[in-house]
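This report concerns only the one structure given below.
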Amino acid sequence: MQAFVKQSSAPNDVAIRHMPTPSVGERELLVRVQAIGVGIHDGYFHPPIGESPYVIGIEAAGVVTEVGSEVANYDVGERIAFVSAMQPKGGTWAEYAVVADEAPIVRLPEGMPFTQAAAVPVAGSTILRALHALDLQPDESVFIAGASGAIGTLAIQLADARGCHVVASASKKNHDYMIGLGARKTVDYHDSDWPEHVRQWFPTGVDAAIAIQPGTGSSSMAVVRDGGRVVPISGDQFATERGIALRQLPFLLDVHTELVDLMNQIAAGGVRMTIENVYPFARGLEALQKASARHARGKSVLVIP
Ligand SMILES: NC(=O)c1ccc[n+]([C@@H]2O[C@H](COP(=O)([O-])OP(=O)(O)OC[C@H]3O[C@@H](n4cnc5c(N)ncnc54)[C@H](OP(=O)(O)O)[C@@H]3O)[C@@H](O)[C@H]2O)c1
């Protein structure tokens, strides 16, 4: 099968190659991959025990073509989207991928295109966990840094749906987009006085911050009220001040039921998952470069005909 592989543990040392189709274990499914969600992590994730070349990618959507002898819940022919992170048998940037039956797997709602479904699992489960970490309440205010990407696109809508006042940060060209998703105010992180703008709207500061981009955890604190809370999505480490609580992403929290619900809402058009670019599989490196620039509006997806 054709696959994108990491040729070494060096970041972004990725090439397209012919690889053997992975074999299915007792508790695994083999999936004919139809669409793949692209993320910046795809260029550098490499499991500690994984050998090179290692098939990259952690999310996809496709059709189950084989199930292991002990798999009870899935059948051949089912359309699924899934996350399969850093497994010894490799990832999702390939014509076929193996996924464990206990992994986060979501059956596609009727009529949902593979391209749309492949964009949801990683960004969706990440923002659902972040919202758990913050426990946002109706009428609270929340600042979202890096809010026009895949995670931000969902973050704005889900926080708005909880009745929160959303202040979203991205470049000016994305302000109308973020307002369209439900943000009530927007700032541009390129303006050095963006924190003052937020303080004009919320003089004592916002209740919480979702710091999506690396480095935004500490800068977001400038607009969080005393005793507020901040969740850094990209693993920022920083000291907090004024009683602000640093909430970590609960990586192990099971958000499967909520992810299924989110997928249904997206399929029904109640929540938007913007797909900025759909690339043919062969142009995977271009998609990876685009993701590495950190300026996607929503998500990019690869398709395999
Ligand atoms: N912890 C997890 O489980 C997990 C899971 C998935 C992803 N992540 C991480 O989450 C991050 C975001 O991923 P994503 O796919 O949603 O979006 P992304 O494509 O990485 O980011 C796009 C967004 O970030 C903004 N941005 C770019 N540079 C910025 C800067 N210097 N300061 C503030 N904002 C900036 C962009 O605005 P403009 O385009 O308008 O400039 C846009 O709103 C990545 O670092 C990724 O590794 C974490």
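Naming scheme: A, B, ... for chains in displayed order of the structure tokens; residues 1 onward per chain; ligands 1 onward as shown.
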
Find the nearest atom pair between each residue of chain A and ligand 1 for residues within 6 Å, count only C-alpha atoms and all ligand atoms, give distances in Å to one decimal, sort rows by chain and ascending number, and present the table as a tab-separated table.
residue	atom	partner	partner_atom_place_in_ligand_line	distance
A:Gly39	CA	ligand 1	15 (O)	5.8
A:Ile40	CA	ligand 1	47 (O)	5.6
A:His41	CA	ligand 1	47 (O)	5.6
A:Val122	CA	ligand 1	6 (C)	5.8
A:Ala123	CA	ligand 1	6 (C)	5.5
A:Thr126	CA	ligand 1	3 (O)	5.0
A:Ala145	CA	ligand 1	34 (N)	5.6
A:Gly146	CA	ligand 1	24 (O)	3.5
A:Ala147	CA	ligand 1	43 (O)	4.2
A:Ser148	CA	ligand 1	43 (O)	3.5
A:Gly149	CA	ligand 1	22 (C)	3.8
A:Ala150	CA	ligand 1	16 (O)	3.9
A:Ile151	CA	ligand 1	16 (O)	3.7
A:Gly152	CA	ligand 1	16 (O)	5.5
A:Ala170	CA	ligand 1	40 (O)	3.9
A:Ser171	CA	ligand 1	40 (O)	3.5
A:Asn174	CA	ligand 1	40 (O)	5.4
A:Tyr189	CA	ligand 1	33 (C)	5.7
A:Ile212	CA	ligand 1	11 (C)	5.2
A:Gln213	CA	ligand 1	11 (C)	4.9
A:Pro214	CA	ligand 1	45 (O)	5.5
A:Ile233	CA	ligand 1	1 (N)	4.7
A:Ser234	CA	ligand 1	9 (C)	4.7
A:Ala291	CA	ligand 1	19 (O)	5.7
A:Arg294	CA	ligand 1	19 (O)	3.9
A:His295	CA	ligand 1	39 (O)	3.4
A:Ala296	CA	ligand 1	19 (O)	4.4

Take the residues just selected and output them with N, CA and C atoms as a tab-separated table (two decimals), in the first residue's frame.
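part.tsv, written as the output of this step:
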chain	number	residue	atom	x	y	z
A	39	GLY	N	-2.70	17.25	10.94
A	39	GLY	CA	-2.34	18.09	12.09
A	39	GLY	C	-0.84	18.29	12.13
A	40	ILE	N	-0.43	19.32	12.83
A	40	ILE	CA	1.01	19.63	12.91
A	40	ILE	C	1.79	18.47	13.54
A	41	HIS	N	1.11	17.73	14.46
A	41	HIS	CA	1.75	16.60	15.14
A	41	HIS	C	2.15	15.48	14.18
A	122	VAL	N	-9.70	14.24	16.43
A	122	VAL	CA	-8.64	14.79	17.30
A	122	VAL	C	-9.04	16.16	17.84
A	123	ALA	N	-9.44	17.06	16.94
A	123	ALA	CA	-9.84	18.40	17.41
A	123	ALA	C	-11.05	18.30	18.33
A	126	THR	N	-10.13	16.82	21.75
A	126	THR	CA	-9.28	17.77	22.49
A	126	THR	C	-10.12	18.89	23.10
A	145	ALA	N	-7.41	31.68	22.51
A	145	ALA	CA	-6.22	32.15	21.78
A	145	ALA	C	-5.86	31.16	20.67
A	146	GLY	N	-5.84	31.64	19.43
A	146	GLY	CA	-5.61	30.76	18.27
A	146	GLY	C	-6.93	30.14	17.87
A	147	ALA	N	-7.95	31.00	17.69
A	147	ALA	CA	-9.33	30.52	17.68
A	147	ALA	C	-9.90	30.24	16.30
A	148	SER	N	-9.12	30.40	15.23
A	148	SER	CA	-9.68	30.13	13.91
A	148	SER	C	-9.17	28.82	13.31
A	149	GLY	N	-8.36	28.07	14.05
A	149	GLY	CA	-7.90	26.76	13.59
A	149	GLY	C	-8.97	25.70	13.85
A	150	ALA	N	-8.56	24.44	13.78
A	150	ALA	CA	-9.52	23.34	13.93
A	150	ALA	C	-10.12	23.31	15.34
A	151	ILE	N	-9.26	23.38	16.34
A	151	ILE	CA	-9.74	23.31	17.72
A	151	ILE	C	-10.54	24.57	18.05
A	152	GLY	N	-10.03	25.73	17.62
A	152	GLY	CA	-10.71	27.00	17.90
A	152	GLY	C	-12.08	27.07	17.26
A	170	ALA	N	-7.26	35.90	16.77
A	170	ALA	CA	-6.59	35.43	15.54
A	170	ALA	C	-6.30	36.67	14.71
A	171	SER	N	-5.70	36.49	13.54
A	171	SER	CA	-5.42	37.64	12.67
A	171	SER	C	-6.73	38.29	12.21
A	174	ASN	N	-9.42	36.78	9.98
A	174	ASN	CA	-10.29	35.72	10.50
A	174	ASN	C	-11.37	36.23	11.46
A	189	TYR	N	-3.84	39.01	17.71
A	189	TYR	CA	-2.66	38.82	18.56
A	189	TYR	C	-1.44	39.59	18.05
A	212	ILE	N	-4.86	27.86	22.92
A	212	ILE	CA	-4.68	26.78	21.96
A	212	ILE	C	-3.26	26.78	21.39
A	213	GLN	N	-2.80	27.93	20.95
A	213	GLN	CA	-1.47	27.98	20.35
A	213	GLN	C	-0.37	27.88	21.40
A	214	PRO	N	0.75	27.24	21.08
A	214	PRO	CA	1.87	27.21	22.01
A	214	PRO	C	2.27	28.64	22.40
A	233	ILE	N	-3.64	24.10	25.66
A	233	ILE	CA	-3.89	22.91	24.83
A	233	ILE	C	-2.58	22.33	24.32
A	234	SER	N	-1.57	23.18	24.15
A	234	SER	CA	-0.33	22.71	23.52
A	234	SER	C	0.77	22.40	24.53
A	291	ALA	N	-0.03	22.76	7.53
A	291	ALA	CA	-0.37	22.60	8.96
A	291	ALA	C	0.75	23.15	9.84
A	294	ARG	N	0.72	26.79	10.97
A	294	ARG	CA	-0.21	27.16	12.05
A	294	ARG	C	-1.15	28.30	11.68
A	295	HIS	N	-1.59	28.33	10.43
A	295	HIS	CA	-2.56	29.37	10.05
A	295	HIS	C	-3.76	28.79	9.31
A	296	ALA	N	-4.05	27.50	9.55
A	296	ALA	CA	-5.22	26.91	8.88
A	296	ALA	C	-6.50	27.54	9.44

Need the shell around Val230 in chain A: protein/DNA/RNA residues with any atom at most 9 Å away, counting only C-alpha atoms. Skip same-chain ones fewer than 2 positions apart. Format as a PyMOL selection string? chain A and resi 133-134+207-211+217+220-221+224+228+232+244-248

Using only C-alpha atoms, which of A:Val271, A:Arg129, A:Phe82, A:Val187 sits nearest Asp160 in chain A?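 Of A:Val271, A:Arg129, A:Phe82, A:Val187, the one nearest Asp160 in chain A, counting only C-alpha atoms, is A:Val271.
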
List every residue of range 88-147 of chain A that DSSP, applied to the backbone of this structure, places in strand (DSSP E), and write the result as an MDAnalysis selection string. chainID A and resid 96:100 105:107 141:145

Closest atom pairs, residues of range 111-220 of chain A within 10 Å of range 46-67 of chain A, only C-alpha atoms, as CSV:
residue,atom,partner,partner_atom,distance
A:Pro113,CA,A:Ala61,CA,9.1
A:Phe114,CA,A:Ala61,CA,5.6
A:Thr115,CA,A:Ala61,CA,7.6
A:Gln116,CA,A:Ala61,CA,8.9
A:Ala117,CA,A:Ala61,CA,6.2
A:Ala118,CA,A:Ala60,CA,4.7
A:Ala119,CA,A:Ala60,CA,7.7
A:Val120,CA,A:Glu59,CA,8.6
A:Pro121,CA,A:Glu59,CA,6.7
A:Val122,CA,A:Glu59,CA,6.7
A:Ala123,CA,A:Glu59,CA,9.9

Using only C-alpha atoms, please write the residues we just selected to a file, as a short mmCIF file (atom, residue, chain, number, x, y, z; two decimals), in the first residue's frame.
data_model
loop_
_atom_site.label_atom_id
_atom_site.label_comp_id
_atom_site.auth_asym_id
_atom_site.auth_seq_id
_atom_site.Cartn_x
_atom_site.Cartn_y
_atom_site.Cartn_z
CA PRO A 113 -18.85 12.50 4.00
CA PHE A 114 -15.52 10.90 4.92
CA THR A 115 -13.77 14.25 4.42
CA GLN A 116 -15.90 15.93 7.08
CA ALA A 117 -15.69 12.98 9.49
CA ALA A 118 -11.89 12.71 9.28
CA ALA A 119 -11.53 16.30 10.48
CA VAL A 120 -13.34 15.77 13.77
CA PRO A 121 -11.85 13.10 16.08
CA VAL A 122 -8.64 14.79 17.30
CA ALA A 123 -9.84 18.40 17.41
#

Just checking: using only C-alpha atoms, which residue out of A:Pro280, A:Leu285, A:His18, A:Ser218 ends up closest to Ala239 in chain A?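 So, comparing all the options, the nearest one is A:Ser218.
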
Quick one: everything within 9 Å of Asp188 in chain A, counting only C-alpha atoms, minus sequence neighbours fewer than 6 positions away in the same chain. Send it as a list of chain:residue names.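 The neighbour list is A:Ala168, A:Ser169, A:Ala170, A:Ser171, A:Lys172, A:His175, A:Trp194.
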
Restricting the calculation to only C-alpha atoms: of A:Leu154, A:Leu108, A:Ala183, A:Met19, which residue gets closest to Ala267 in chain A? A:Leu108
